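Enquirer: The structure's right below; bear with me while I get my questions together.
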Amino acid sequence: MTFSELNLAPALLQAIATCGYEEPTPIQAQAIPALLAGKDLIASAQTGTGKTAAFVLPALHRLLENAPATRRRPGTPRVLVLAPTRELAQQVADQAVQYARQARIATVCLYGGAPYPVQNRQLSRQVDVLVATPGRLLDHVERGRVDLSQVELLVLDEADRMLDMGFIHDIKRVIKLVPKKRQNLLFSATFSDEIRALAGTFLIDPEYVESERRNTPPDLVKQYVYKVDRERK
Ligand code: AMP
């Protein structure tokens, strides 16, 4: 399968070509068509499988194809990605900026432990994609700088880590603040009962996709076995 077969917007295909990606990774080939069709998705994928582009590309496609007629107020994102750590949030935001280079899409990244003034300034302008750690996001919501009432797509990235870090109550508060009618996506490397319970509360009839299993050798690595006696080991 090629990226052009996925029917992504031309601006995104150009960005993908600039990045030098030749073909979609398995998780991308499965997730992108389902997300473009508007389905909810639960995905089991580790870092390094191309999982970020698997949801960032369809999210950007949606923003490009269904541009609203009126300008939205500042700090009113259409795509919201929750991530457990500053590093992961920044990686997701960096990829969004990279793929949206040819498009007029504004991405903002919010995380705790960083000063407020820079984030406040970013939120005083148009925001299309907001990537955030849950606690700092709610801080900004309480201060009236972020309005989640226009969110069309909600992504929980590395949901298992967010639960491990004690973010469950924050996540539930965020889910109450976004519109009922929206698309949802949950990425997790593992599926505990807690993750299943969370998925059950906010995903609607989700499609399930799984990346290659951990510990499978890459195709380009040849493996040989030589049987030897114990003395000749
Ligand atoms: P991730 O699993 O999202 O952390 O992505 C791992 C890395 O793979 C990132 O640096 C991406 O830039 C890169 N990547 C994503 N999709 C592709 C692709 N289709 N072909 C080659 N590299 C990719």
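Numbering starts fresh at 1 for the residues of each chain in the structure tokens, the chains themselves are lettered A, B, ... in the order given, and ligands are numbered from 1 as they appear.
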Ligand 1: which residues are within 7 Å, counting only C-alpha atoms and all ligand atoms? Reply as a ChimeraX atom specification.
Expert: /A:20-25,46-53
Enquirer: Based on the selection just made, write C-alpha atoms of those residues as a JSON list (two decimals), in the first residue's frame.
Expert:
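For reference, part.json as written:
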```json
[["chain", "number", "residue", "atom", "x", "y", "z"],
["A", 20, "GLY", "CA", 11.23, 10.54, 3.03],
["A", 21, "TYR", "CA", 8.58, 8.02, 4.14],
["A", 22, "GLU", "CA", 8.14, 5.51, 1.33],
["A", 23, "GLU", "CA", 5.15, 3.56, 2.54],
["A", 24, "PRO", "CA", 2.78, 3.46, 5.50],
["A", 25, "THR", "CA", 3.85, 1.32, 8.45],
["A", 46, "GLN", "CA", 4.55, 0.78, 20.89],
["A", 47, "THR", "CA", 6.77, 3.75, 20.18],
["A", 48, "GLY", "CA", 8.77, 3.24, 16.99],
["A", 49, "THR", "CA", 5.90, 1.71, 15.00],
["A", 50, "GLY", "CA", 4.89, 5.02, 13.40],
["A", 51, "LYS", "CA", 1.89, 5.28, 15.74],
["A", 52, "THR", "CA", 2.04, 9.07, 16.02],
["A", 53, "ALA", "CA", 1.66, 9.66, 12.28]]
```
Enquirer: Compile the contact shell of range 141-149 of chain A as a tab-separated table (two decimals) with N, CA, C and O atoms, in the first residue's frame: residues with an atom at most 10 Å away, counting only C-alpha atoms, same-chain residues fewer than 3 positions apart removed.
Expert:
```
chain	number	residue	atom	x	y	z
A	73	ARG	N	-12.77	31.22	18.21
A	73	ARG	CA	-12.10	32.06	19.20
A	73	ARG	C	-10.72	31.47	19.52
A	73	ARG	O	-10.51	30.27	19.32
A	74	PRO	N	-9.78	32.27	20.05
A	74	PRO	CA	-8.48	31.72	20.42
A	74	PRO	C	-8.63	30.62	21.48
A	74	PRO	O	-9.60	30.63	22.24
A	75	GLY	N	-7.68	29.69	21.49
A	75	GLY	CA	-7.68	28.65	22.52
A	75	GLY	C	-8.82	27.66	22.40
A	75	GLY	O	-9.22	27.07	23.39
A	76	THR	N	-9.34	27.49	21.17
A	76	THR	CA	-10.49	26.60	20.97
A	76	THR	C	-10.11	25.49	19.97
A	76	THR	O	-10.44	25.59	18.79
A	77	PRO	N	-9.41	24.45	20.42
A	77	PRO	CA	-8.90	23.44	19.47
A	77	PRO	C	-10.00	22.54	18.91
A	77	PRO	O	-11.03	22.35	19.54
A	78	ARG	N	-9.73	22.00	17.70
A	78	ARG	CA	-10.63	21.00	17.10
A	78	ARG	C	-10.11	19.59	17.32
A	78	ARG	O	-10.86	18.62	17.22
A	79	VAL	N	-8.80	19.48	17.53
A	79	VAL	CA	-8.21	18.17	17.82
A	79	VAL	C	-7.48	18.28	19.16
A	79	VAL	O	-6.71	19.22	19.38
A	80	LEU	N	-7.76	17.34	20.08
A	80	LEU	CA	-7.11	17.35	21.39
A	80	LEU	C	-6.40	16.02	21.60
A	80	LEU	O	-7.02	14.95	21.50
A	119	GLN	N	2.98	29.77	27.26
A	119	GLN	CA	1.79	28.99	26.91
A	119	GLN	C	0.58	29.91	26.77
A	119	GLN	O	-0.23	29.75	25.85
A	120	ASN	N	0.47	30.91	27.67
A	120	ASN	CA	-0.66	31.84	27.59
A	120	ASN	C	-0.65	32.58	26.26
A	120	ASN	O	-1.69	32.79	25.64
A	121	ARG	N	0.54	32.97	25.85
A	121	ARG	CA	0.65	33.71	24.59
A	121	ARG	C	0.21	32.83	23.42
A	121	ARG	O	-0.53	33.26	22.54
A	122	GLN	N	0.64	31.55	23.45
A	122	GLN	CA	0.24	30.64	22.36
A	122	GLN	C	-1.27	30.44	22.34
A	122	GLN	O	-1.87	30.27	21.29
A	123	LEU	N	-1.88	30.47	23.53
A	123	LEU	CA	-3.32	30.24	23.61
A	123	LEU	C	-4.13	31.49	23.29
A	123	LEU	O	-5.36	31.43	23.19
A	124	SER	N	-3.45	32.61	23.12
A	124	SER	CA	-4.19	33.82	22.79
A	124	SER	C	-4.39	33.94	21.28
A	124	SER	O	-4.91	34.92	20.78
A	127	VAL	N	-5.91	28.10	17.71
A	127	VAL	CA	-5.32	26.78	17.97
A	127	VAL	C	-6.17	25.74	17.27
A	127	VAL	O	-7.38	25.68	17.46
A	130	LEU	N	-4.30	20.75	19.75
A	130	LEU	CA	-3.74	21.00	21.08
A	130	LEU	C	-3.24	19.67	21.63
A	130	LEU	O	-4.00	18.69	21.70
A	135	GLY	N	-2.94	17.46	33.53
A	135	GLY	CA	-3.03	18.43	34.63
A	135	GLY	C	-2.90	19.86	34.15
A	135	GLY	O	-3.71	20.73	34.49
A	136	ARG	N	-1.90	20.14	33.34
A	136	ARG	CA	-1.68	21.50	32.86
A	136	ARG	C	-2.83	21.95	31.96
A	136	ARG	O	-3.24	23.09	31.97
A	137	LEU	N	-3.38	21.00	31.18
A	137	LEU	CA	-4.52	21.35	30.33
A	137	LEU	C	-5.66	21.87	31.20
A	137	LEU	O	-6.24	22.93	30.93
A	138	LEU	N	-5.99	21.13	32.28
A	138	LEU	CA	-7.11	21.53	33.14
A	138	LEU	C	-6.83	22.86	33.84
A	138	LEU	O	-7.74	23.67	34.03
A	152	GLU	N	-13.40	17.98	18.05
A	152	GLU	CA	-14.05	16.99	17.18
A	152	GLU	C	-13.38	15.63	17.29
A	152	GLU	O	-13.97	14.60	16.98
A	174	VAL	N	-11.68	15.76	31.60
A	174	VAL	CA	-11.55	16.27	30.22
A	174	VAL	C	-12.67	15.69	29.35
A	174	VAL	O	-13.30	16.42	28.57
A	175	ILE	N	-12.96	14.40	29.53
A	175	ILE	CA	-14.00	13.76	28.71
A	175	ILE	C	-15.36	14.45	28.93
A	175	ILE	O	-16.16	14.60	28.01
A	176	LYS	N	-15.58	14.94	30.16
A	176	LYS	CA	-16.85	15.65	30.43
A	176	LYS	C	-16.89	17.02	29.76
A	176	LYS	O	-17.96	17.58	29.54
A	177	LEU	N	-15.71	17.59	29.46
A	177	LEU	CA	-15.66	18.95	28.92
A	177	LEU	C	-15.75	19.01	27.39
A	177	LEU	O	-15.98	20.08	26.82
A	178	VAL	N	-15.51	17.87	26.72
A	178	VAL	CA	-15.55	17.88	25.24
A	178	VAL	C	-16.97	17.53	24.78
A	178	VAL	O	-17.72	16.93	25.54
A	179	PRO	N	-17.33	17.92	23.55
A	179	PRO	CA	-18.70	17.63	23.08
A	179	PRO	C	-18.98	16.12	23.06
A	179	PRO	O	-18.07	15.32	22.87
A	180	LYS	N	-20.25	15.77	23.22
A	180	LYS	CA	-20.62	14.35	23.21
A	180	LYS	C	-20.38	13.74	21.83
A	180	LYS	O	-19.95	12.61	21.71
```
Enquirer: As a list in words, please: every residue in range 71-137 of chain A that DSSP puts in strand (DSSP E or B).
Expert: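 Selection result, strand (DSSP E or B) within range 71-137 of chain A: Val79, Leu80, Val81, Leu82, Thr107, Val108, Cys109, Leu110, Val129, Leu130, Val131 and Ala132 of chain A.
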Enquirer: Can you measure CA of Leu110 in chain A to CA of Ala132 in chain A for me? One decimal in Å is fine.
Expert: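 Atom-to-atom, CA of Leu110 in chain A and CA of Ala132 in chain A are spaced 4.6 Å apart.
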Enquirer: For Leu154 in chain A, please output as a list in words all residues within 8 Å (counting only C-alpha atoms; exclusion window: fewer than 3 positions along the same chain).
Expert: Val79, Leu80, Val81, Leu82, Val151, Arg182, Gln183, Asn184 and Leu185 of chain A
Enquirer: Keeping N, CA, C and O atoms, export the residues of the selection given above as a compact mmCIF listing (two decimals), in the first residue's frame.
Expert:
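Contents of selection_36.txt, freshly written:
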```txt
# COMPACT_ATOMS: atom_id res chain seq x y z
N VAL A 79 -8.80 19.48 17.53
CA VAL A 79 -8.21 18.17 17.82
C VAL A 79 -7.48 18.28 19.16
O VAL A 79 -6.71 19.22 19.38
N LEU A 80 -7.76 17.34 20.08
CA LEU A 80 -7.11 17.35 21.39
C LEU A 80 -6.40 16.02 21.60
O LEU A 80 -7.02 14.95 21.50
N VAL A 81 -5.10 16.09 21.87
CA VAL A 81 -4.32 14.88 22.15
C VAL A 81 -3.83 14.97 23.60
O VAL A 81 -3.15 15.94 23.96
N LEU A 82 -4.17 13.98 24.41
CA LEU A 82 -3.64 13.91 25.77
C LEU A 82 -2.48 12.93 25.80
O LEU A 82 -2.58 11.82 25.26
N VAL A 151 -14.05 20.53 20.35
CA VAL A 151 -13.19 19.38 20.02
C VAL A 151 -13.97 18.35 19.21
O VAL A 151 -15.04 17.91 19.60
N ARG A 182 -18.27 13.31 18.93
CA ARG A 182 -16.87 13.49 18.54
C ARG A 182 -16.30 12.13 18.18
O ARG A 182 -16.91 11.10 18.45
N GLN A 183 -15.11 12.15 17.60
CA GLN A 183 -14.39 10.90 17.29
C GLN A 183 -13.36 10.66 18.39
O GLN A 183 -12.77 11.62 18.89
N ASN A 184 -13.15 9.39 18.75
CA ASN A 184 -12.24 9.07 19.85
C ASN A 184 -11.22 8.03 19.45
O ASN A 184 -11.51 7.11 18.69
N LEU A 185 -10.05 8.17 20.05
CA LEU A 185 -8.97 7.25 19.73
C LEU A 185 -8.15 6.97 20.98
O LEU A 185 -7.81 7.91 21.72
```
Enquirer: Which is closest to Leu186 in chain A among A:Val225, A:Ala45, A:Val97, A:Met165, if we use only C-alpha atoms?
Expert: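 Smallest distance to Leu186 in chain A is found for A:Ala45.
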Enquirer: Mind pulling up the distance from CA of Leu220 in chain A to CA of Arg232 in chain A?
Expert: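 Distance reported for this atom pair: 29.2 Å.
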Enquirer: Just list the residues in range 103-201 of chain A DSSP gives alpha helix (DSSP H) on the backbone, as a PyMOL selection string.
Expert: chain A and resi 116-123+134-142+159-164+168-177+193-201
Enquirer: For the atom pair CA of Leu36 in chain A and CA of Leu8 in chain A, what is the interatomic distance in Å to one decimal place?
Expert: 8.7 Å
Enquirer: Of the candidates A:Ile42, A:Tyr226, A:Ala100, A:Arg161, which one gets nearest to Gly200 in chain A if we count only C-alpha atoms?
Expert: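 Between A:Ile42, A:Tyr226, A:Ala100, A:Arg161, the residue approaching Gly200 in chain A most closely is A:Ile42.
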Enquirer: Could you tell me which of A:Val209, A:Ala9, A:Ile168, A:Leu156 comes closest to Arg62 in chain A if we count only C-alpha atoms?
Expert: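 Of all the options, A:Ala9 lies closest to Arg62 in chain A.
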Enquirer: Identify which of the residues A:Glu87, A:Asp170, A:Asp205, A:Asp160 lies closest to Asp193 in chain A, counting only C-alpha atoms when measuring atom-to-atom distances.
Expert: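 Among A:Glu87, A:Asp170, A:Asp205, A:Asp160, it is A:Asp160 that comes nearest to Asp193 in chain A.
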Enquirer: Select, from A:Tyr208, A:Tyr111, A:Phe167, A:Tyr99, the residue with the minimum atom-to-atom distance to Ala17 in chain A, counting only C-alpha atoms.
Expert: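 Distance minimum relative to Ala17 in chain A lands on A:Tyr99.
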Enquirer: Taking into account only C-alpha atoms, which residue in the set A:Ser44, A:Gln223, A:Gln98, A:Asn66 is nearest to Ala159 in chain A?
Expert: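 That would be A:Ser44, the residue with the smallest distance to Ala159 in chain A.
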Enquirer: What's the 10 Å shell around Glu207 in chain A, counting only C-alpha atoms, without same-chain residues fewer than 6 positions away, as a list in words?
Expert: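 Answer for this query is Gln30, Ala31, Ala34, Leu35, Lys39, Asp40, Leu41, Ile42, Ala43 and Leu185 of chain A.
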